[in-house]
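So the structure is just underneath, and the comments pick up after that.
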Amino acid sequence: MIKIKFKQTKNKFKYPFKTAHGLKEYQESLMVAITYNGLMGIGEAPAISYYPETMESMIGVLQQNAQTIERYAINEPKRFWHFLHHLLPANPFLISALDMAYWDLYTKMKGQSLQEIAELERNNSLATDYTLGLDTEEEMLKKMADNPWPIYKVKVENEASINTLEKLVEHGNSRFRIDANAAWTFEEAKKFLPRLEAINIELIEQPLAKDNFEESEQLKALTNIPIIADEAFQGMKDLVKCAQAFDGINIKLTKCSGLSPALDIVQEAKTKGLKLMLGCMNEAEQGIYMTAQIGHLFDYIDLDGAHLLNIPLKKLSYVRGLLQWDIDD
């Protein structure tokens, strides 16, 4: 019989992290452990203020359903995810943490890596971007100097942040991606596009409101810069709409409810010709480590979450744009 444990963590950012959604100095996460026959798997779900699942709601739902989950008979991870999906249909963040923990446990039971079990390419290194939150030009240049990276993702919000972005691009030879976090109107986006094209921005993440599919599709037709859905893409149910309105999707395990559905989404999205970005929600080391196992399936990697937090790393290392880990872990 499996047993479930959990704890709440609160990790400080190295720098205050500001986006169009607001300013954060700490990232709270729910850590979930599933144990069986002396083995333990660990999963993680962050609490994000602009999503409905709070730390309190995740803990409450887990406590209410722990005994039911603990009666589950061990079998393949995807079957466990389907069990959770029917048991907790309104809790994708919590399901993701449990699914991740179960995958981690299952790999230890089998003595194989996740990549081996899922029949994926063996890989222990990914080129990830480094995210620069909204800040003054001086502070952002200092962060770049302290964190020399071949790819930066810059949070933008308004014309002032576009002005700052243009200044950042002048320094070094790095590639730049931007994330508006749904902050722009269609008219603002049209106004910014020529400037973004002039500085060779690699991609634009979620420029318009998450439910504005009609104007997102129009915007996509106006530029060769790939437009990537983030807030607009939560899971498989959004795939058809996003395939029409965007060039690609940002898959995050937390919002799509885990590794198991993420693997299915990747497969289906590729049949629709979508570009794929693997993102994070500032998870700590365990969340990033588990997510990274499927990273080679993606076109763009945004897994700097553990590097943005002021925490010691044991499994992972970030070296000038490369996220690496021991392939035998």
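So you can find residues: chains in the structure tokens are A, B, ... in the order shown, residues in each start at 1, and ligands are numbered from 1 in order.
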
A:Phe213: which residues within 8 Å, counting only C-alpha atoms, same-chain residues fewer than 4 positions away excluded, as a list in words? Glu217, Lys241, Cys242 and Ala245 of chain A

Residues within 7 Å of A:Thr128, please, as a ChimeraX atom specification. Count only C-alpha atoms; anything in the same chain fewer than 4 positions from it doesn't count. /A:301-304,321-323

Per residue of stretch 79-167 of chain A within 12 Å of stretch 36-55 of chain A, record the nearest atom pair and its distance in Å to one decimal, counting only C-alpha atoms, with rows in chain order and ascending residue number, as CSV.
```
residue,atom,partner,partner_atom,distance
A:Ala90,CA,A:Glu53,CA,8.8
A:Asn91,CA,A:Glu53,CA,6.9
A:Pro92,CA,A:Glu53,CA,8.4
A:Phe93,CA,A:Ala45,CA,5.7
A:Leu94,CA,A:Ala45,CA,6.4
A:Ile95,CA,A:Ala45,CA,8.7
A:Ser96,CA,A:Ala45,CA,6.8
A:Ala97,CA,A:Gly43,CA,4.4
A:Leu98,CA,A:Gly43,CA,6.0
A:Asp99,CA,A:Gly43,CA,7.3
A:Met100,CA,A:Gly43,CA,4.7
A:Ala101,CA,A:Gly43,CA,4.0
A:Tyr102,CA,A:Gly41,CA,5.9
A:Trp103,CA,A:Gly41,CA,7.2
A:Asp104,CA,A:Gly41,CA,4.5
A:Leu105,CA,A:Gly41,CA,3.9
A:Tyr106,CA,A:Gly41,CA,7.6
A:Thr107,CA,A:Gly41,CA,8.6
A:Lys108,CA,A:Leu39,CA,7.1
A:Met109,CA,A:Leu39,CA,7.4
A:Lys110,CA,A:Leu39,CA,11.0
A:Gly111,CA,A:Leu39,CA,11.2
```

I need the residues in stretch 109-304 of chain A that are alpha helix (DSSP H) according to DSSP; give them as JSON, numbers by chain. {"A": [109, 110, 114, 115, 116, 117, 137, 138, 139, 140, 141, 142, 143, 144, 145, 146, 159, 160, 161, 162, 163, 164, 165, 166, 167, 168, 169, 186, 187, 188, 189, 190, 191, 192, 193, 194, 195, 196, 197, 198, 213, 214, 215, 216, 217, 218, 219, 220, 221, 239, 240, 241, 242, 243, 244, 245, 253, 254, 255, 256, 259, 260, 261, 262, 263, 264, 265, 266, 267, 268, 269, 270, 271, 285, 286, 287, 288, 289, 290, 291, 292]}
